[in-house]
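Enquirer: What follows is the file data22.cif, containing mmCIF, C-alpha atoms:
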data_coords
loop_
_atom_site.label_atom_id
_atom_site.label_comp_id
_atom_site.auth_asym_id
_atom_site.auth_seq_id
_atom_site.Cartn_x
_atom_site.Cartn_y
_atom_site.Cartn_z
CA MET A 336 -1.58 -22.96 7.77
CA GLU A 337 0.44 -25.02 5.39
CA PHE A 338 3.67 -26.64 6.59
CA LYS A 339 6.15 -28.84 4.77
CA PRO A 340 8.50 -31.59 6.00
CA ILE A 341 12.12 -30.48 6.52
CA GLY A 342 13.28 -34.07 6.92
CA ILE A 343 12.38 -37.63 7.72
CA VAL A 344 13.11 -40.18 10.46
CA HIS A 345 14.94 -43.44 9.86
CA SER A 346 13.81 -45.41 12.88
CA PRO A 347 14.05 -49.02 14.07
CA TYR A 348 10.31 -48.82 14.88
CA LYS A 349 8.48 -49.85 11.76
CA SER A 350 4.95 -49.38 13.11
CA LYS A 351 3.05 -47.77 15.96
CA LYS A 352 2.90 -50.99 17.97
CA ASP A 353 6.72 -51.17 18.09
CA ALA A 354 7.20 -47.62 19.38
CA PRO A 355 7.52 -46.75 23.06
CA ILE A 356 4.82 -44.62 24.66
CA GLN A 357 7.30 -41.91 25.53
CA PRO A 358 10.71 -41.56 23.95
CA ARG A 359 12.53 -41.22 27.25
CA PHE A 360 11.96 -44.92 27.86
CA SER A 361 13.87 -45.86 24.76
CA GLY A 362 17.57 -46.55 24.47
CA GLU A 363 17.26 -47.10 20.73
CA GLU A 364 19.16 -44.95 18.30
CA ALA A 365 17.80 -43.60 15.05
CA GLU A 366 18.58 -41.00 12.43
CA ILE A 367 16.95 -37.84 11.27
CA GLU A 368 17.68 -37.04 7.66
CA VAL A 369 17.30 -33.32 7.10
CA PHE A 370 16.62 -32.68 3.42
CA GLU A 371 19.56 -31.17 1.53
CA GLU A 372 17.81 -27.87 0.95
CA PHE A 373 17.60 -27.29 4.72
CA ALA A 374 20.94 -28.83 5.71
CA GLU A 375 22.67 -25.47 6.17
CA GLY A 376 20.24 -24.77 9.02
CA LEU A 377 21.98 -27.48 11.09
CA LYS A 378 25.16 -25.43 11.62
CA ASP A 379 26.20 -25.47 15.31
CA ILE A 380 23.52 -27.94 16.36
CA GLU A 381 26.20 -30.43 17.43
CA GLY A 382 26.97 -28.15 20.40
CA PHE A 383 23.66 -29.16 21.96
CA SER A 384 23.29 -32.43 23.87
CA HIS A 385 19.51 -32.53 23.34
CA ILE A 386 17.08 -31.31 20.72
CA TRP A 387 13.36 -30.89 20.38
CA VAL A 388 11.87 -32.62 17.41
CA LEU A 389 8.47 -31.52 16.14
CA PHE A 390 7.02 -34.14 13.86
CA HIS A 391 3.87 -35.14 12.08
CA PHE A 392 1.89 -38.09 13.47
CA HIS A 393 1.43 -39.06 9.85
CA GLU A 394 -0.38 -42.31 10.55
CA SER A 395 -2.90 -40.67 12.87
CA GLU A 396 -6.31 -40.04 11.33
CA GLY A 397 -8.92 -37.84 12.94
CA TYR A 398 -8.94 -36.82 16.59
CA ASP A 399 -10.77 -37.25 19.88
CA LEU A 400 -11.32 -34.32 22.22
CA ARG A 401 -11.43 -36.84 25.08
CA THR A 402 -9.33 -39.91 25.30
CA THR A 403 -8.35 -42.54 27.82
CA PRO A 404 -4.56 -42.42 28.01
CA TYR A 405 -2.46 -45.56 28.11
CA LEU A 406 -1.30 -44.72 31.62
CA ASP A 407 -4.76 -44.05 32.99
CA ASP A 408 -8.27 -45.46 33.17
CA GLU A 409 -10.25 -42.22 33.00
CA GLU A 410 -11.13 -40.04 30.04
CA ARG A 411 -8.97 -36.91 29.80
CA GLY A 412 -9.02 -33.92 27.50
CA VAL A 413 -6.73 -34.30 24.52
CA PHE A 414 -4.82 -31.11 25.49
CA ALA A 415 -4.05 -32.71 28.87
CA CYS A 416 -2.54 -35.74 27.07
CA ARG A 417 0.19 -36.52 24.58
CA SER A 418 -2.12 -38.63 22.41
CA PRO A 419 -1.37 -38.59 18.66
CA ARG A 420 -5.08 -38.23 17.84
CA ARG A 421 -5.02 -34.42 18.19
CA PRO A 422 -6.78 -31.68 16.21
CA ASN A 423 -3.34 -30.87 14.77
CA PRO A 424 -1.38 -34.15 14.85
CA ILE A 425 2.01 -32.71 15.80
CA GLY A 426 4.32 -34.57 18.17
CA GLN A 427 6.99 -32.94 20.29
CA SER A 428 9.84 -35.10 21.58
CA LEU A 429 12.98 -34.38 23.53
CA VAL A 430 15.79 -36.59 22.21
CA LYS A 431 19.51 -36.88 22.83
CA LEU A 432 21.68 -35.71 19.99
CA ILE A 433 24.50 -38.23 19.65
CA GLY A 434 26.16 -36.69 16.64
CA ARG A 435 25.84 -35.25 13.20
CA GLU A 436 27.19 -36.33 9.83
CA GLY A 437 26.36 -33.77 7.20
CA ASN A 438 22.59 -33.62 7.00
CA PHE A 439 22.08 -36.72 9.19
CA LEU A 440 21.52 -36.43 12.94
CA ARG A 441 22.08 -39.49 15.11
CA ILE A 442 19.58 -39.39 17.98
CA LYS A 443 18.64 -41.51 20.99
CA GLY A 444 15.45 -41.83 22.99
CA LEU A 445 12.82 -41.52 20.34
CA ASP A 446 9.23 -42.64 19.83
CA MET A 447 8.92 -41.80 16.17
CA ILE A 448 8.22 -44.55 13.68
CA ASP A 449 10.12 -45.01 10.48
CA ALA A 450 9.39 -42.43 7.74
CA THR A 451 7.90 -39.91 10.17
CA PRO A 452 8.00 -36.42 8.60
CA ILE A 453 9.97 -33.86 10.61
CA ILE A 454 8.46 -30.39 10.89
CA ASP A 455 11.04 -28.58 12.99
CA ILE A 456 14.15 -29.04 15.11
CA LYS A 457 14.96 -26.69 17.99
CA PRO A 458 17.80 -26.70 20.49
CA TYR A 459 16.89 -27.82 23.99
CA VAL A 460 17.86 -25.03 26.38
CA ASN A 461 17.21 -26.03 29.97
CA VAL A 462 17.02 -22.40 31.13
CA PHE A 463 14.01 -21.89 28.84
CA ASP A 464 12.56 -25.38 28.81
CA GLU A 465 12.47 -26.38 32.47
CA ASP A 466 10.83 -24.94 35.51
CA GLU A 467 10.36 -25.64 39.18
CA ASP A 468 7.29 -26.37 41.30
CA VAL A 469 5.84 -28.60 38.61
CA ARG A 470 2.51 -30.38 39.07
CA ILE A 471 1.60 -33.03 36.52
CA GLY A 472 -2.11 -33.54 37.11
CA TRP A 473 -3.56 -36.95 36.36
CA LEU A 474 -0.08 -38.29 35.57
CA GLU A 475 1.07 -37.80 39.15
CA GLY A 476 -0.06 -41.25 40.28
CA SER A 477 1.34 -43.01 37.23
CA VAL A 478 4.75 -41.42 37.44
CA HIS A 479 5.28 -41.54 41.17
CA GLY A 480 3.34 -44.73 41.63
CA GLY A 481 5.94 -46.51 39.57
CA LYS A 482 4.08 -47.10 36.29
CA VAL A 483 6.60 -44.81 34.65
CA ALA A 484 10.32 -44.77 35.30
CA ARG A 485 12.56 -41.94 34.35
CA GLY A 486 14.41 -42.97 31.20
CA GLY A 487 18.17 -42.74 30.92
CA MET B 223 0.51 -30.72 5.81
CA GLU B 224 -2.43 -28.49 6.57
CA PHE B 225 -3.04 -27.37 10.15
CA LYS B 226 -5.72 -25.14 11.62
CA PRO B 227 -5.71 -22.87 14.69
CA ILE B 228 -7.36 -24.34 17.78
CA GLY B 229 -7.36 -20.99 19.56
CA ILE B 230 -5.87 -17.54 19.82
CA VAL B 231 -3.77 -15.56 22.29
CA HIS B 232 -4.96 -12.42 24.04
CA SER B 233 -1.66 -10.87 25.02
CA PRO B 234 -0.47 -7.54 26.44
CA TYR B 235 2.23 -7.53 23.72
CA LYS B 236 0.71 -5.87 20.71
CA SER B 237 3.71 -6.23 18.40
CA LYS B 238 7.00 -8.11 18.07
CA LYS B 239 9.05 -5.28 19.52
CA ASP B 240 7.07 -5.46 22.79
CA ALA B 241 7.57 -9.17 23.30
CA PRO B 242 10.40 -10.67 25.36
CA ILE B 243 13.03 -12.78 23.61
CA GLN B 244 12.16 -15.79 25.70
CA PRO B 245 8.94 -16.20 27.65
CA ARG B 246 10.65 -17.24 30.84
CA PHE B 247 11.81 -13.66 31.33
CA SER B 248 8.27 -12.37 31.43
CA GLY B 249 6.06 -11.99 34.47
CA GLU B 250 3.16 -10.81 32.31
CA GLU B 251 -0.11 -12.69 32.26
CA ALA B 252 -2.18 -13.37 29.19
CA GLU B 253 -5.03 -15.56 28.03
CA ILE B 254 -5.39 -18.33 25.55
CA GLU B 255 -8.87 -18.59 24.11
CA VAL B 256 -9.46 -22.11 22.88
CA PHE B 257 -12.19 -22.09 20.27
CA GLU B 258 -15.52 -23.53 21.46
CA GLU B 259 -15.36 -26.51 19.15
CA PHE B 260 -12.15 -27.68 20.88
CA ALA B 261 -13.00 -26.63 24.45
CA GLU B 262 -13.87 -30.15 25.58
CA GLY B 263 -10.23 -31.08 24.95
CA LEU B 264 -9.20 -28.92 27.93
CA LYS B 265 -10.68 -31.31 30.51
CA ASP B 266 -8.17 -31.98 33.34
CA ILE B 267 -5.62 -29.49 32.08
CA GLU B 268 -5.96 -27.45 35.27
CA GLY B 269 -4.11 -30.23 37.12
CA PHE B 270 -0.91 -29.21 35.36
CA SER B 271 1.17 -26.28 36.59
CA HIS B 272 2.80 -25.75 33.18
CA ILE B 273 1.83 -26.31 29.58
CA TRP B 274 3.53 -26.33 26.22
CA VAL B 275 2.03 -24.01 23.70
CA LEU B 276 2.73 -24.57 20.02
CA PHE B 277 1.85 -21.50 18.03
CA HIS B 278 2.19 -19.94 14.62
CA PHE B 279 4.69 -17.10 14.20
CA HIS B 280 2.00 -15.51 12.06
CA GLU B 281 3.88 -12.26 11.46
CA SER B 282 7.04 -14.02 10.32
CA GLU B 283 7.55 -14.10 6.56
CA GLY B 284 10.13 -16.28 4.87
CA TYR B 285 13.09 -17.87 6.63
CA ASP B 286 16.87 -17.84 6.91
CA LEU B 287 18.86 -21.06 7.19
CA ARG B 288 21.53 -19.06 9.01
CA THR B 289 20.83 -16.27 11.40
CA THR B 290 22.65 -14.18 13.98
CA PRO B 291 20.71 -14.66 17.22
CA TYR B 292 19.94 -11.77 19.51
CA LEU B 293 22.15 -13.26 22.21
CA ASP B 294 25.12 -13.83 19.95
CA ASP B 295 27.31 -12.18 17.34
CA GLU B 296 27.95 -15.16 15.08
CA GLU B 297 25.78 -16.74 12.43
CA ARG B 298 24.12 -19.97 13.59
CA GLY B 299 21.97 -22.52 11.84
CA VAL B 300 18.26 -21.87 12.26
CA PHE B 301 17.75 -25.34 13.83
CA ALA B 302 20.29 -24.37 16.51
CA CYS B 303 18.23 -21.23 17.31
CA ARG B 304 14.73 -20.31 18.41
CA SER B 305 14.38 -17.68 15.68
CA PRO B 306 10.83 -17.16 14.32
CA ARG B 307 12.15 -17.06 10.74
CA ARG B 308 12.07 -20.86 10.33
CA PRO B 309 11.15 -23.07 7.38
CA ASN B 310 8.00 -23.93 9.35
CA PRO B 311 7.29 -20.91 11.57
CA ILE B 312 6.09 -22.77 14.65
CA GLY B 313 6.96 -21.54 18.13
CA GLN B 314 7.12 -23.72 21.22
CA SER B 315 6.85 -22.07 24.62
CA LEU B 316 6.69 -23.38 28.14
CA VAL B 317 4.24 -21.27 30.15
CA LYS B 318 2.76 -21.41 33.62
CA LEU B 319 -0.90 -22.28 33.74
CA ILE B 320 -2.49 -20.00 36.33
CA GLY B 321 -6.05 -21.15 35.87
CA ARG B 322 -8.87 -22.00 33.54
CA GLU B 323 -12.31 -20.51 33.06
CA GLY B 324 -14.28 -22.50 30.55
CA ASN B 325 -12.40 -22.29 27.28
CA PHE B 326 -10.02 -19.56 28.53
CA LEU B 327 -6.61 -20.41 30.00
CA ARG B 328 -4.83 -17.82 32.11
CA ILE B 329 -1.09 -18.14 31.54
CA LYS B 330 2.12 -16.48 32.69
CA GLY B 331 5.56 -16.19 31.14
CA LEU B 332 4.75 -15.83 27.49
CA ASP B 333 6.39 -14.33 24.42
CA MET B 334 3.43 -14.51 22.09
CA ILE B 335 1.99 -11.35 20.65
CA ASP B 336 -1.69 -10.54 20.61
CA ALA B 337 -3.79 -12.56 18.14
CA THR B 338 -1.17 -15.31 17.76
CA PRO B 339 -2.86 -18.47 16.45
CA ILE B 340 -2.48 -21.51 18.72
CA ILE B 341 -1.74 -24.82 17.04
CA ASP B 342 -1.56 -27.18 20.00
CA ILE B 343 -1.44 -27.35 23.78
CA LYS B 344 0.29 -30.22 25.59
CA PRO B 345 0.83 -30.86 29.29
CA TYR B 346 4.36 -30.25 30.58
CA VAL B 347 5.55 -33.47 32.18
CA ASN B 348 8.99 -33.03 33.70
CA VAL B 349 9.73 -36.75 33.57
CA PHE B 350 9.43 -36.62 29.77
CA ASP B 351 10.52 -33.05 29.10
CA GLU B 352 13.70 -32.68 31.12
CA ASP B 353 17.00 -34.45 31.11
CA GLU B 354 20.39 -34.32 32.76
CA ASP B 355 23.89 -33.66 31.44
CA VAL B 356 22.64 -30.92 29.19
CA ARG B 357 24.98 -28.94 26.94
CA ILE B 358 23.59 -25.83 25.27
CA GLY B 359 26.19 -25.10 22.59
CA TRP B 360 26.63 -21.50 21.55
CA LEU B 361 24.19 -20.35 24.24
CA GLU B 362 26.51 -21.53 27.03
CA GLY B 363 28.38 -18.21 27.22
CA SER B 364 25.22 -16.13 27.07
CA VAL B 365 23.40 -18.02 29.76
CA HIS B 366 26.24 -18.56 32.19
CA GLY B 367 27.97 -15.31 31.31
CA GLY B 368 24.95 -13.48 32.67
CA LYS B 369 23.29 -12.21 29.48
CA VAL B 370 20.34 -14.43 30.32
CA ALA B 371 18.86 -14.85 33.76
CA ARG B 372 16.58 -17.69 34.72
CA GLY B 373 13.04 -16.33 34.72
CA GLY B 374 10.70 -16.82 37.66
#
What is this file in structure tokens?
Expert:
Amino acid sequence: MEFKPIGIVHSPYKSKKDAPIQPRFSGEEAEIEVFEEFAEGLKDIEGFSHIWVLFHFHESEGYDLRTTPYLDDEERGVFACRSPRRPNPIGQSLVKLIGREGNFLRIKGLDMIDATPIIDIKPYVNVFDEDEDVRIGWLEGSVHGGKVARGG
Amino acid sequence: MEFKPIGIVHSPYKSKKDAPIQPRFSGEEAEIEVFEEFAEGLKDIEGFSHIWVLFHFHESEGYDLRTTPYLDDEERGVFACRSPRRPNPIGQSLVKLIGREGNFLRIKGLDMIDATPIIDIKPYVNVFDEDEDVRIGWLEGSVHGGKVARGG
């Protein structure tokens, strides 16, 4: 499967060590530049308060099937984590859409580093993208034990 | 960017016309077979009630930057829709994880057709993947006007 970037991120985070672990903990703003040839696909996006951004972890090389997550001290399967070192290094982040100017989207709450290639943008639709009775496995202790706070 | 399937879907939907528009409206169960070489990456996934599945719309050919969605009668930008005819034909679905047997995941609430290639699986973590004060643009009328019901 061959995919191509539809845009690129202009982010205040210049390297991995600057970026937050999860975008929801970030109040920083950034821009997504959608390449001119795809700009028409942005019509009506400004009606959505939030968007999904699928992006390429372009600085990630190789993968681990087991990994010890930042928020944990045990090895977990990569598909039970959000680690960038995945068989297919695609990231998926929910960000706030602040506004749009032509082919530039102003976003907030991101973890992408500068020059990250964007693979897709989808509207966030809470009816489709949320559910009830959620259990979050090994993250339960981290989230409810206070290691993670809900971002604003 | 070159990506490879990590697994495949065994679904009761044999073709596009059988599949629901959005997975949340489906009570059907299906299986994801994660290929043996990636099976170790599933460790601990059974602790999560829901997972994200990124998959290839493998029967989709070409794309439209503007499209008239099923739930609407106006042309919208493709990045403001969930249409399969995208520049990079990647789908993103939230499904319930019913259980795991080895490298097979039993899931519920899917829209993927049989033999769909799986690109990635990520845990659904409501702290990261939900937000408040959500506006859903052109979908507002469809969802709250009753064309769409929240799936179970």
Enquirer: Rounded to one decimal in Å, what is the spacing between atom CA of Ser271 of chain B and atom CA of Lys330 of chain B?
Expert: 10.6 Å
Enquirer: Between A:Glu409, A:Glu366, A:Asp455, A:Val462, which residue has the minimum interatomic distance to His345 of chain A, considering all atoms listed in the file?
Expert: A:Glu366
Enquirer: Running the PyMOL selection byres ((chain A) within 7 of (chain B)) on this model by hand, what would come out? Give it as a count of residues only.
Expert: 43
Enquirer: Go through the shown structure with the PyMOL selection byres ((chain A and resi 350) around 12) and write out the matching residues as a PyMOL selection string.
Expert: chain A and resi 346-349+351-355+392-395+446-451
Enquirer: Least-squares fit chain B onto chain A by Cα, in order, and just send back the RMSD.
Expert: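 That comparison of chain A with chain B gives 0.0 Å.
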Enquirer: Between B:Ile340, B:Gly363, B:Arg328, B:Leu293, which one has atoms that come closest to Glu250 of chain B, using all atoms listed in the file?
Expert: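 Checking each of B:Ile340, B:Gly363, B:Arg328, B:Leu293 against Glu250 of chain B, counting all atoms listed in the file, the winner is B:Arg328.
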Enquirer: Would you mind reading off the distance between atom CA of Gly362 of chain A and atom CA of Leu445 of chain A, one decimal, in Å?
Expert: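 So the two atoms, atom CA of Gly362 of chain A and atom CA of Leu445 of chain A, lie 8.1 Å apart.
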Enquirer: Figure out the distance between atom CA of Gly444 of chain A and atom CA of Pro291 of chain B, please, to one decimal in Å.
Expert: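 Computing it gives 28.3 Å between the two atoms.
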Enquirer: Write out as an NGL selection string each polymer residue whose atoms come within 8 Å of Phe257 of chain B, counting all atoms listed in the file; drop sequence neighbours fewer than 5 positions from it.
Expert: :B and (228-230 or 325)
Enquirer: Quick check on the file I pasted: which residues fall under the PyMOL selection byres ((chain B and resi 326) around 8)? Write them as a list of chain:residue names.
Expert: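 Answer for the PyMOL selection byres ((chain B and resi 326) around 8): B:Glu253, B:Ile254, B:Glu255, B:Val256, B:Arg322, B:Glu323, B:Gly324, B:Asn325, B:Leu327, B:Arg328.
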Enquirer: Got a minute to add N, CA and C atoms to segment 293-320 of chain B and dump it as a PDB file, in the coordinates of the input?
Expert:
ATOM      1  N   LEU B 293      21.214 -13.081  21.101  1.00  0.00           N
ATOM      2  CA  LEU B 293      22.150 -13.260  22.210  1.00  0.00           C
ATOM      3  C   LEU B 293      23.573 -13.540  21.751  1.00  0.00           C
ATOM      4  N   ASP B 294      23.835 -13.376  20.466  1.00  0.00           N
ATOM      5  CA  ASP B 294      25.120 -13.830  19.950  1.00  0.00           C
ATOM      6  C   ASP B 294      25.592 -12.864  18.858  1.00  0.00           C
ATOM      7  N   ASP B 295      26.848 -13.009  18.444  1.00  0.00           N
ATOM      8  CA  ASP B 295      27.310 -12.180  17.340  1.00  0.00           C
ATOM      9  C   ASP B 295      27.890 -13.014  16.203  1.00  0.00           C
ATOM     10  N   GLU B 296      27.531 -14.299  16.188  1.00  0.00           N
ATOM     11  CA  GLU B 296      27.950 -15.160  15.080  1.00  0.00           C
ATOM     12  C   GLU B 296      26.731 -15.769  14.417  1.00  0.00           C
ATOM     13  N   GLU B 297      26.880 -16.077  13.137  1.00  0.00           N
ATOM     14  CA  GLU B 297      25.780 -16.740  12.430  1.00  0.00           C
ATOM     15  C   GLU B 297      25.635 -18.195  12.889  1.00  0.00           C
ATOM     16  N   ARG B 298      24.413 -18.596  13.163  1.00  0.00           N
ATOM     17  CA  ARG B 298      24.120 -19.970  13.590  1.00  0.00           C
ATOM     18  C   ARG B 298      23.081 -20.557  12.660  1.00  0.00           C
ATOM     19  N   GLY B 299      23.024 -21.870  12.616  1.00  0.00           N
ATOM     20  CA  GLY B 299      21.970 -22.520  11.840  1.00  0.00           C
ATOM     21  C   GLY B 299      20.621 -22.307  12.510  1.00  0.00           C
ATOM     22  N   VAL B 300      19.585 -22.184  11.706  1.00  0.00           N
ATOM     23  CA  VAL B 300      18.260 -21.870  12.260  1.00  0.00           C
ATOM     24  C   VAL B 300      17.769 -22.983  13.195  1.00  0.00           C
ATOM     25  N   PHE B 301      18.206 -24.239  12.958  1.00  0.00           N
ATOM     26  CA  PHE B 301      17.750 -25.340  13.830  1.00  0.00           C
ATOM     27  C   PHE B 301      18.537 -25.388  15.141  1.00  0.00           C
ATOM     28  N   ALA B 302      19.558 -24.527  15.252  1.00  0.00           N
ATOM     29  CA  ALA B 302      20.290 -24.370  16.510  1.00  0.00           C
ATOM     30  C   ALA B 302      19.862 -23.075  17.210  1.00  0.00           C
ATOM     31  N   CYS B 303      18.762 -22.485  16.760  1.00  0.00           N
ATOM     32  CA  CYS B 303      18.230 -21.230  17.310  1.00  0.00           C
ATOM     33  C   CYS B 303      16.720 -21.366  17.528  1.00  0.00           C
ATOM     34  N   ARG B 304      16.181 -20.381  18.237  1.00  0.00           N
ATOM     35  CA  ARG B 304      14.730 -20.310  18.410  1.00  0.00           C
ATOM     36  C   ARG B 304      14.107 -19.233  17.523  1.00  0.00           C
ATOM     37  N   SER B 305      14.862 -18.734  16.580  1.00  0.00           N
ATOM     38  CA  SER B 305      14.380 -17.680  15.680  1.00  0.00           C
ATOM     39  C   SER B 305      13.004 -17.970  15.097  1.00  0.00           C
ATOM     40  N   PRO B 306      12.146 -16.952  14.957  1.00  0.00           N
ATOM     41  CA  PRO B 306      10.830 -17.160  14.320  1.00  0.00           C
ATOM     42  C   PRO B 306      10.926 -17.376  12.810  1.00  0.00           C
ATOM     43  N   ARG B 307      12.030 -16.951  12.195  1.00  0.00           N
ATOM     44  CA  ARG B 307      12.150 -17.060  10.740  1.00  0.00           C
ATOM     45  C   ARG B 307      12.649 -18.456  10.377  1.00  0.00           C
ATOM     46  N   ARG B 308      11.748 -19.447  10.517  1.00  0.00           N
ATOM     47  CA  ARG B 308      12.070 -20.860  10.330  1.00  0.00           C
ATOM     48  C   ARG B 308      11.352 -21.382   9.096  1.00  0.00           C
ATOM     49  N   PRO B 309      11.851 -22.478   8.521  1.00  0.00           N
ATOM     50  CA  PRO B 309      11.150 -23.070   7.380  1.00  0.00           C
ATOM     51  C   PRO B 309       9.667 -23.325   7.683  1.00  0.00           C
ATOM     52  N   ASN B 310       9.382 -23.843   8.876  1.00  0.00           N
ATOM     53  CA  ASN B 310       8.000 -23.930   9.350  1.00  0.00           C
ATOM     54  C   ASN B 310       7.899 -23.047  10.596  1.00  0.00           C
ATOM     55  N   PRO B 311       7.252 -21.897  10.479  1.00  0.00           N
ATOM     56  CA  PRO B 311       7.290 -20.910  11.570  1.00  0.00           C
ATOM     57  C   PRO B 311       6.396 -21.266  12.750  1.00  0.00           C
ATOM     58  N   ILE B 312       6.822 -22.315  13.468  1.00  0.00           N
ATOM     59  CA  ILE B 312       6.090 -22.770  14.650  1.00  0.00           C
ATOM     60  C   ILE B 312       6.929 -22.452  15.881  1.00  0.00           C
ATOM     61  N   GLY B 313       6.307 -21.813  16.857  1.00  0.00           N
ATOM     62  CA  GLY B 313       6.960 -21.540  18.130  1.00  0.00           C
ATOM     63  C   GLY B 313       6.527 -22.547  19.170  1.00  0.00           C
ATOM     64  N   GLN B 314       7.389 -22.759  20.141  1.00  0.00           N
ATOM     65  CA  GLN B 314       7.120 -23.720  21.220  1.00  0.00           C
ATOM     66  C   GLN B 314       7.515 -23.062  22.518  1.00  0.00           C
ATOM     67  N   SER B 315       6.540 -22.765  23.364  1.00  0.00           N
ATOM     68  CA  SER B 315       6.850 -22.070  24.620  1.00  0.00           C
ATOM     69  C   SER B 315       6.294 -22.816  25.820  1.00  0.00           C
ATOM     70  N   LEU B 316       7.125 -22.867  26.854  1.00  0.00           N
ATOM     71  CA  LEU B 316       6.690 -23.380  28.140  1.00  0.00           C
ATOM     72  C   LEU B 316       6.104 -22.208  28.931  1.00  0.00           C
ATOM     73  N   VAL B 317       4.858 -22.328  29.350  1.00  0.00           N
ATOM     74  CA  VAL B 317       4.240 -21.270  30.150  1.00  0.00           C
ATOM     75  C   VAL B 317       3.606 -21.850  31.402  1.00  0.00           C
ATOM     76  N   LYS B 318       3.467 -20.983  32.397  1.00  0.00           N
ATOM     77  CA  LYS B 318       2.760 -21.410  33.620  1.00  0.00           C
ATOM     78  C   LYS B 318       1.266 -21.301  33.384  1.00  0.00           C
ATOM     79  N   LEU B 319       0.559 -22.306  33.828  1.00  0.00           N
ATOM     80  CA  LEU B 319      -0.900 -22.280  33.740  1.00  0.00           C
ATOM     81  C   LEU B 319      -1.438 -21.798  35.074  1.00  0.00           C
ATOM     82  N   ILE B 320      -1.987 -20.597  35.084  1.00  0.00           N
ATOM     83  CA  ILE B 320      -2.490 -20.000  36.330  1.00  0.00           C
ATOM     84  C   ILE B 320      -3.890 -20.514  36.641  1.00  0.00           C
TER      85      ILE B 320
END
